[in-house]
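Participant: Just one file: query11.pdb, with PDB, C-alpha atoms and all ligand atoms.
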```pdb
ATOM      1  CA  MET B   7     -45.855  -8.736  62.201  1.00  0.00           C
ATOM      2  CA  LYS B   8     -42.247  -9.364  61.377  1.00  0.00           C
ATOM      3  CA  SER B   9     -39.084  -8.136  62.935  1.00  0.00           C
ATOM      4  CA  GLU B  10     -35.495  -8.433  61.897  1.00  0.00           C
ATOM      5  CA  THR B  11     -32.376  -8.542  63.912  1.00  0.00           C
ATOM      6  CA  THR B  12     -29.380  -6.370  63.224  1.00  0.00           C
ATOM      7  CA  ASN B  13     -26.067  -7.252  64.783  1.00  0.00           C
ATOM      8  CA  GLY B  14     -27.797  -9.561  67.244  1.00  0.00           C
ATOM      9  CA  ARG B  15     -29.831  -6.710  68.634  1.00  0.00           C
ATOM     10  CA  CYS B  16     -33.560  -6.806  68.107  1.00  0.00           C
ATOM     11  CA  LYS B  17     -34.856  -3.750  66.320  1.00  0.00           C
ATOM     12  CA  ASP B  18     -38.277  -4.237  67.896  1.00  0.00           C
ATOM     13  CA  LEU B  19     -36.911  -4.882  71.341  1.00  0.00           C
ATOM     14  CA  ASP B  20     -39.366  -2.601  73.153  1.00  0.00           C
ATOM     15  CA  LYS B  21     -42.300  -4.209  71.418  1.00  0.00           C
ATOM     16  CA  CYS B  22     -40.917  -7.683  72.059  1.00  0.00           C
ATOM     17  CA  ILE B  23     -40.385  -7.015  75.764  1.00  0.00           C
ATOM     18  CA  GLU B  24     -43.952  -5.812  76.023  1.00  0.00           C
ATOM     19  CA  LEU B  25     -45.179  -9.054  74.458  1.00  0.00           C
ATOM     20  CA  LEU B  26     -42.822 -11.155  76.542  1.00  0.00           C
ATOM     21  CA  ASN B  27     -44.236  -9.599  79.684  1.00  0.00           C
ATOM     22  CA  LEU B  28     -47.782 -10.320  78.516  1.00  0.00           C
ATOM     23  CA  ILE B  29     -46.840 -13.938  77.931  1.00  0.00           C
ATOM     24  CA  ILE B  30     -45.215 -14.269  81.317  1.00  0.00           C
ATOM     25  CA  ASP B  31     -48.383 -12.823  82.851  1.00  0.00           C
ATOM     26  CA  ASN B  32     -50.541 -15.148  80.718  1.00  0.00           C
ATOM     27  CA  GLU B  33     -52.243 -12.150  79.160  1.00  0.00           C
ATOM     28  CA  ALA B  34     -51.030 -12.513  75.605  1.00  0.00           C
ATOM     29  CA  LEU B  35     -53.356 -13.252  72.713  1.00  0.00           C
ATOM     30  CA  PRO B  36     -52.793 -16.562  70.887  1.00  0.00           C
ATOM     31  CA  GLU B  37     -51.379 -14.750  67.849  1.00  0.00           C
ATOM     32  CA  GLU B  38     -49.006 -12.773  70.033  1.00  0.00           C
ATOM     33  CA  GLU B  39     -47.846 -15.976  71.630  1.00  0.00           C
ATOM     34  CA  SER B  40     -47.162 -17.652  68.309  1.00  0.00           C
ATOM     35  CA  PHE B  41     -45.406 -14.527  67.059  1.00  0.00           C
ATOM     36  CA  ILE B  42     -43.057 -14.581  70.043  1.00  0.00           C
ATOM     37  CA  ASP B  43     -42.577 -18.350  69.776  1.00  0.00           C
ATOM     38  CA  GLU B  44     -41.341 -17.939  66.227  1.00  0.00           C
ATOM     39  CA  HIS B  45     -39.473 -14.768  66.997  1.00  0.00           C
ATOM     40  CA  LEU B  46     -37.488 -16.289  69.859  1.00  0.00           C
ATOM     41  CA  GLU B  47     -36.166 -18.977  67.551  1.00  0.00           C
ATOM     42  CA  ASN B  48     -34.496 -16.304  65.450  1.00  0.00           C
ATOM     43  CA  CYS B  49     -33.770 -13.624  67.984  1.00  0.00           C
ATOM     44  CA  ALA B  50     -31.160 -14.478  70.622  1.00  0.00           C
ATOM     45  CA  CYS B  51     -31.519 -10.978  72.006  1.00  0.00           C
ATOM     46  CA  CYS B  52     -35.171 -11.445  72.942  1.00  0.00           C
ATOM     47  CA  LEU B  53     -34.682 -15.032  74.045  1.00  0.00           C
ATOM     48  CA  LYS B  54     -32.195 -13.807  76.598  1.00  0.00           C
ATOM     49  CA  GLN B  55     -34.534 -11.019  77.619  1.00  0.00           C
ATOM     50  CA  TYR B  56     -37.290 -13.557  78.099  1.00  0.00           C
ATOM     51  CA  GLU B  57     -35.124 -15.668  80.388  1.00  0.00           C
ATOM     52  CA  VAL B  58     -34.131 -12.614  82.393  1.00  0.00           C
ATOM     53  CA  GLU B  59     -37.753 -11.520  82.775  1.00  0.00           C
ATOM     54  CA  LYS B  60     -38.843 -14.974  83.850  1.00  0.00           C
ATOM     55  CA  GLU B  61     -36.109 -15.269  86.436  1.00  0.00           C
ATOM     56  CA  PHE B  62     -36.806 -11.781  87.631  1.00  0.00           C
ATOM     57  CA  ARG B  63     -40.469 -12.662  88.122  1.00  0.00           C
ATOM     58  CA  SER B  64     -39.628 -15.773  90.098  1.00  0.00           C
ATOM     59  CA  LEU B  65     -37.366 -13.677  92.278  1.00  0.00           C
ATOM     60  CA  LEU B  66     -40.133 -11.136  92.891  1.00  0.00           C
ATOM     61  CA  LYS B  67     -42.556 -13.932  93.651  1.00  0.00           C
ATOM     62  CA  ARG B  68     -40.228 -15.410  96.215  1.00  0.00           C
ATOM     63  CA  LYS B  69     -39.877 -12.016  97.851  1.00  0.00           C
ATOM     64  CA  LEU B  70     -43.634 -11.571  97.997  1.00  0.00           C
ATOM     65  CA  GLU B  71     -43.954 -14.971  99.575  1.00  0.00           C
ATOM     66  CA  HIS B  72     -41.234 -14.044 102.050  1.00  0.00           C
ATOM     67  CA  ARG B  73     -39.110 -16.924 100.955  1.00  0.00           C
ATOM     68  CA  GLU B  74     -35.408 -16.843 100.906  1.00  0.00           C
ATOM     69  CA  VAL B  75     -33.920 -15.786  97.580  1.00  0.00           C
ATOM     70  CA  PRO B  76     -30.853 -17.814  96.694  1.00  0.00           C
ATOM     71  CA  ILE B  77     -27.833 -15.638  96.058  1.00  0.00           C
ATOM     72  CA  ASP B  78     -27.100 -17.676  92.908  1.00  0.00           C
ATOM     73  CA  LEU B  79     -30.374 -16.523  91.404  1.00  0.00           C
ATOM     74  CA  ILE B  80     -29.653 -12.872  92.095  1.00  0.00           C
ATOM     75  CA  VAL B  81     -26.144 -13.169  90.674  1.00  0.00           C
ATOM     76  CA  SER B  82     -27.319 -14.933  87.531  1.00  0.00           C
ATOM     77  CA  ILE B  83     -29.986 -12.305  86.876  1.00  0.00           C
ATOM     78  CA  LYS B  84     -27.544  -9.481  87.436  1.00  0.00           C
ATOM     79  CA  ASN B  85     -25.079 -11.102  85.037  1.00  0.00           C
ATOM     80  CA  LYS B  86     -27.750 -11.565  82.388  1.00  0.00           C
ATOM     81  CA  ILE B  87     -28.948  -7.996  82.685  1.00  0.00           C
ATOM     82  CA  ALA B  88     -25.395  -6.692  82.533  1.00  0.00           C
ATOM     83  CA  SER B  89     -24.597  -8.702  79.407  1.00  0.00           C
ATOM     84  CA  THR B  90     -27.781  -7.596  77.646  1.00  0.00           C
ATOM     85  CA  HIS B  91     -26.780  -3.949  77.596  1.00  0.00           C
TER      86      HIS B  91
HETATM   87 ZN    ZN X   1     -36.431  -9.702  69.127  1.00  0.00          ZN
END
```
Rewrite the structure from the file as structure tokens, please.

Facilitator:
Amino acid sequence: MKSETTNGRCKDLDKCIELLNLIIDNEALPEEESFIDEHLENCACCLKQYEVEKEFRSLLKRKLEHREVPIDLIVSIKNKIASTH
């Protein structure tokens, strides 16, 4: 498995997001994890996506736990999502 980046945009973005989600859910295989580890070092696009997903999850978790979601967190996620597209 190897992916290249063109103009800072990952050409396997869909595939990467799928793997990133598996990793966040702790459902990724060891080889998928090492692939993403390596990939994120070279792919700023996916690294950003990973951060957004992680923050998004923590926001969802807080909501499920009926905890207050800091406005800063919401704003930072919105900004990240907006700058990704
Ligand atoms: Zn990528």

Participant: Report as number ranges by chain which protein, DNA and RNA residues come within 9 Å of ligand ZN 1 (chain X), using all atoms listed in the file.

Facilitator: B: 9-11, 14-23, 42, 45-46, 48-53, 55

Participant: Can you measure CA of Glu47 (chain B) to CA of Lys67 (chain B) for me? One decimal in Å is fine.

Facilitator: 27.3 Å

Participant: Could you please determine the separation between CA of Asp78 (chain B) and CA of Val58 (chain B) in Å, to one decimal place?

Facilitator: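 CA of Val58 (chain B) lies 13.6 Å from CA of Asp78 (chain B).
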
Participant: Specify as a ChimeraX atom specification each residue included when the PyMOL selection byres (((chain B and resi 64) around 12) and not hetatm) is applied to this file.

Facilitator: /B:30-31,57-63,65-71,73-76,79-80,83

Participant: Please write the residues from the selection above to a file, keeping C-alpha atoms, as a PDB file, in the frame of the given file.

Facilitator:
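Written file, selection-v7.pdb:
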```pdb
ATOM      1  CA  ILE B  30     -45.215 -14.269  81.317  1.00  0.00           C
ATOM      2  CA  ASP B  31     -48.383 -12.823  82.851  1.00  0.00           C
ATOM      3  CA  GLU B  57     -35.124 -15.668  80.388  1.00  0.00           C
ATOM      4  CA  VAL B  58     -34.131 -12.614  82.393  1.00  0.00           C
ATOM      5  CA  GLU B  59     -37.753 -11.520  82.775  1.00  0.00           C
ATOM      6  CA  LYS B  60     -38.843 -14.974  83.850  1.00  0.00           C
ATOM      7  CA  GLU B  61     -36.109 -15.269  86.436  1.00  0.00           C
ATOM      8  CA  PHE B  62     -36.806 -11.781  87.631  1.00  0.00           C
ATOM      9  CA  ARG B  63     -40.469 -12.662  88.122  1.00  0.00           C
ATOM     10  CA  LEU B  65     -37.366 -13.677  92.278  1.00  0.00           C
ATOM     11  CA  LEU B  66     -40.133 -11.136  92.891  1.00  0.00           C
ATOM     12  CA  LYS B  67     -42.556 -13.932  93.651  1.00  0.00           C
ATOM     13  CA  ARG B  68     -40.228 -15.410  96.215  1.00  0.00           C
ATOM     14  CA  LYS B  69     -39.877 -12.016  97.851  1.00  0.00           C
ATOM     15  CA  LEU B  70     -43.634 -11.571  97.997  1.00  0.00           C
ATOM     16  CA  GLU B  71     -43.954 -14.971  99.575  1.00  0.00           C
ATOM     17  CA  ARG B  73     -39.110 -16.924 100.955  1.00  0.00           C
ATOM     18  CA  GLU B  74     -35.408 -16.843 100.906  1.00  0.00           C
ATOM     19  CA  VAL B  75     -33.920 -15.786  97.580  1.00  0.00           C
ATOM     20  CA  PRO B  76     -30.853 -17.814  96.694  1.00  0.00           C
ATOM     21  CA  LEU B  79     -30.374 -16.523  91.404  1.00  0.00           C
ATOM     22  CA  ILE B  80     -29.653 -12.872  92.095  1.00  0.00           C
ATOM     23  CA  ILE B  83     -29.986 -12.305  86.876  1.00  0.00           C
TER      24      ILE B  83
END
```

Participant: Could you tell me how far CA of Leu26 (chain B) lies from CA of Phe41 (chain B), in Å and to one decimal?

Facilitator: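 Calculated distance between CA of Leu26 (chain B) and CA of Phe41 (chain B) is 10.4 Å.
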
Participant: Padding of 5 Å on every side, edges along x, y and z, all listed atoms of region 52-63 of chain B included: what centre and edge lengths in Å, to one decimal, does that box have, as lines of an AutoDock Vina configuration file?

Facilitator:
```
center_x = -36.3
center_y = -13.3
center_z = 80.5
size_x = 18.3
size_y = 14.6
size_z = 25.2
```

Participant: From the list B:Leu35, B:Leu28, B:Ile77, B:Ala88, which residue is nearest Lys54 (chain B) when using all atoms listed in the file?

Facilitator: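 Between B:Leu35, B:Leu28, B:Ile77, B:Ala88, the residue approaching Lys54 (chain B) most closely is B:Ala88.
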
Participant: Ranking B:Glu24, B:His72, B:Val81, B:Pro36 by minimum distance to Tyr56 (chain B) and counting all atoms listed in the file, which one comes first?

Facilitator: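 Distance minimum relative to Tyr56 (chain B) lands on B:Glu24.
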
Participant: Kindly output region 22-52 of chain B as a PDB file, in the coordinates of the input, after building N, CA and C atoms.

Facilitator:
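Once everything was written out, this is result02.pdb:
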```pdb
ATOM      1  N   CYS B  22     -41.103  -6.286  71.660  1.00  0.00           N
ATOM      2  CA  CYS B  22     -40.917  -7.683  72.059  1.00  0.00           C
ATOM      3  C   CYS B  22     -41.008  -7.829  73.579  1.00  0.00           C
ATOM      4  N   ILE B  23     -40.367  -6.936  74.301  1.00  0.00           N
ATOM      5  CA  ILE B  23     -40.385  -7.015  75.764  1.00  0.00           C
ATOM      6  C   ILE B  23     -41.812  -6.881  76.285  1.00  0.00           C
ATOM      7  N   GLU B  24     -42.557  -5.988  75.648  1.00  0.00           N
ATOM      8  CA  GLU B  24     -43.952  -5.812  76.023  1.00  0.00           C
ATOM      9  C   GLU B  24     -44.713  -7.134  75.861  1.00  0.00           C
ATOM     10  N   LEU B  25     -44.516  -7.773  74.714  1.00  0.00           N
ATOM     11  CA  LEU B  25     -45.179  -9.054  74.458  1.00  0.00           C
ATOM     12  C   LEU B  25     -44.681 -10.152  75.392  1.00  0.00           C
ATOM     13  N   LEU B  26     -43.390 -10.151  75.640  1.00  0.00           N
ATOM     14  CA  LEU B  26     -42.822 -11.155  76.542  1.00  0.00           C
ATOM     15  C   LEU B  26     -43.452 -11.048  77.929  1.00  0.00           C
ATOM     16  N   ASN B  27     -43.626  -9.816  78.369  1.00  0.00           N
ATOM     17  CA  ASN B  27     -44.236  -9.599  79.684  1.00  0.00           C
ATOM     18  C   ASN B  27     -45.685 -10.079  79.710  1.00  0.00           C
ATOM     19  N   LEU B  28     -46.399  -9.841  78.612  1.00  0.00           N
ATOM     20  CA  LEU B  28     -47.782 -10.320  78.516  1.00  0.00           C
ATOM     21  C   LEU B  28     -47.821 -11.840  78.599  1.00  0.00           C
ATOM     22  N   ILE B  29     -46.885 -12.479  77.924  1.00  0.00           N
ATOM     23  CA  ILE B  29     -46.840 -13.938  77.931  1.00  0.00           C
ATOM     24  C   ILE B  29     -46.524 -14.466  79.321  1.00  0.00           C
ATOM     25  N   ILE B  30     -45.568 -13.841  79.969  1.00  0.00           N
ATOM     26  CA  ILE B  30     -45.215 -14.269  81.317  1.00  0.00           C
ATOM     27  C   ILE B  30     -46.413 -14.096  82.258  1.00  0.00           C
ATOM     28  N   ASP B  31     -47.180 -13.055  82.028  1.00  0.00           N
ATOM     29  CA  ASP B  31     -48.383 -12.823  82.851  1.00  0.00           C
ATOM     30  C   ASP B  31     -49.602 -13.598  82.367  1.00  0.00           C
ATOM     31  N   ASN B  32     -49.426 -14.401  81.331  1.00  0.00           N
ATOM     32  CA  ASN B  32     -50.541 -15.148  80.718  1.00  0.00           C
ATOM     33  C   ASN B  32     -51.645 -14.230  80.209  1.00  0.00           C
ATOM     34  N   GLU B  33     -51.252 -13.088  79.673  1.00  0.00           N
ATOM     35  CA  GLU B  33     -52.243 -12.150  79.160  1.00  0.00           C
ATOM     36  C   GLU B  33     -52.118 -11.932  77.663  1.00  0.00           C
ATOM     37  N   ALA B  34     -51.243 -12.690  77.041  1.00  0.00           N
ATOM     38  CA  ALA B  34     -51.030 -12.513  75.605  1.00  0.00           C
ATOM     39  C   ALA B  34     -52.125 -13.204  74.798  1.00  0.00           C
ATOM     40  N   LEU B  35     -52.420 -12.626  73.640  1.00  0.00           N
ATOM     41  CA  LEU B  35     -53.356 -13.252  72.713  1.00  0.00           C
ATOM     42  C   LEU B  35     -52.646 -14.425  72.029  1.00  0.00           C
ATOM     43  N   PRO B  36     -53.428 -15.408  71.546  1.00  0.00           N
ATOM     44  CA  PRO B  36     -52.793 -16.562  70.887  1.00  0.00           C
ATOM     45  C   PRO B  36     -51.858 -16.158  69.748  1.00  0.00           C
ATOM     46  N   GLU B  37     -52.240 -15.156  68.965  1.00  0.00           N
ATOM     47  CA  GLU B  37     -51.379 -14.750  67.849  1.00  0.00           C
ATOM     48  C   GLU B  37     -50.103 -14.055  68.331  1.00  0.00           C
ATOM     49  N   GLU B  38     -50.207 -13.392  69.468  1.00  0.00           N
ATOM     50  CA  GLU B  38     -49.006 -12.773  70.033  1.00  0.00           C
ATOM     51  C   GLU B  38     -48.055 -13.849  70.548  1.00  0.00           C
ATOM     52  N   GLU B  39     -48.651 -14.869  71.126  1.00  0.00           N
ATOM     53  CA  GLU B  39     -47.846 -15.976  71.630  1.00  0.00           C
ATOM     54  C   GLU B  39     -47.124 -16.697  70.497  1.00  0.00           C
ATOM     55  N   SER B  40     -47.820 -16.948  69.409  1.00  0.00           N
ATOM     56  CA  SER B  40     -47.162 -17.652  68.309  1.00  0.00           C
ATOM     57  C   SER B  40     -46.133 -16.760  67.627  1.00  0.00           C
ATOM     58  N   PHE B  41     -46.398 -15.458  67.595  1.00  0.00           N
ATOM     59  CA  PHE B  41     -45.406 -14.527  67.059  1.00  0.00           C
ATOM     60  C   PHE B  41     -44.107 -14.595  67.869  1.00  0.00           C
ATOM     61  N   ILE B  42     -44.240 -14.550  69.179  1.00  0.00           N
ATOM     62  CA  ILE B  42     -43.057 -14.581  70.043  1.00  0.00           C
ATOM     63  C   ILE B  42     -42.354 -15.930  69.964  1.00  0.00           C
ATOM     64  N   ASP B  43     -43.159 -17.008  69.922  1.00  0.00           N
ATOM     65  CA  ASP B  43     -42.577 -18.350  69.776  1.00  0.00           C
ATOM     66  C   ASP B  43     -41.633 -18.402  68.580  1.00  0.00           C
ATOM     67  N   GLU B  44     -42.136 -17.936  67.461  1.00  0.00           N
ATOM     68  CA  GLU B  44     -41.341 -17.939  66.227  1.00  0.00           C
ATOM     69  C   GLU B  44     -40.175 -16.985  66.343  1.00  0.00           C
ATOM     70  N   HIS B  45     -40.484 -15.816  66.888  1.00  0.00           N
ATOM     71  CA  HIS B  45     -39.473 -14.768  66.997  1.00  0.00           C
ATOM     72  C   HIS B  45     -38.276 -15.213  67.844  1.00  0.00           C
ATOM     73  N   LEU B  46     -38.565 -15.893  68.954  1.00  0.00           N
ATOM     74  CA  LEU B  46     -37.488 -16.289  69.859  1.00  0.00           C
ATOM     75  C   LEU B  46     -36.540 -17.297  69.227  1.00  0.00           C
ATOM     76  N   GLU B  47     -37.036 -18.023  68.235  1.00  0.00           N
ATOM     77  CA  GLU B  47     -36.166 -18.977  67.551  1.00  0.00           C
ATOM     78  C   GLU B  47     -35.102 -18.268  66.724  1.00  0.00           C
ATOM     79  N   ASN B  48     -35.418 -17.041  66.314  1.00  0.00           N
ATOM     80  CA  ASN B  48     -34.496 -16.304  65.450  1.00  0.00           C
ATOM     81  C   ASN B  48     -33.804 -15.141  66.147  1.00  0.00           C
ATOM     82  N   CYS B  49     -34.267 -14.835  67.341  1.00  0.00           N
ATOM     83  CA  CYS B  49     -33.770 -13.624  67.984  1.00  0.00           C
ATOM     84  C   CYS B  49     -33.164 -13.963  69.350  1.00  0.00           C
ATOM     85  N   ALA B  50     -31.863 -14.133  69.377  1.00  0.00           N
ATOM     86  CA  ALA B  50     -31.160 -14.478  70.622  1.00  0.00           C
ATOM     87  C   ALA B  50     -31.310 -13.368  71.643  1.00  0.00           C
ATOM     88  N   CYS B  51     -31.381 -12.155  71.151  1.00  0.00           N
ATOM     89  CA  CYS B  51     -31.519 -10.978  72.006  1.00  0.00           C
ATOM     90  C   CYS B  51     -32.784 -11.069  72.860  1.00  0.00           C
ATOM     91  N   CYS B  52     -33.897 -11.371  72.223  1.00  0.00           N
ATOM     92  CA  CYS B  52     -35.171 -11.445  72.942  1.00  0.00           C
ATOM     93  C   CYS B  52     -35.270 -12.715  73.772  1.00  0.00           C
TER      94      CYS B  52
END
```
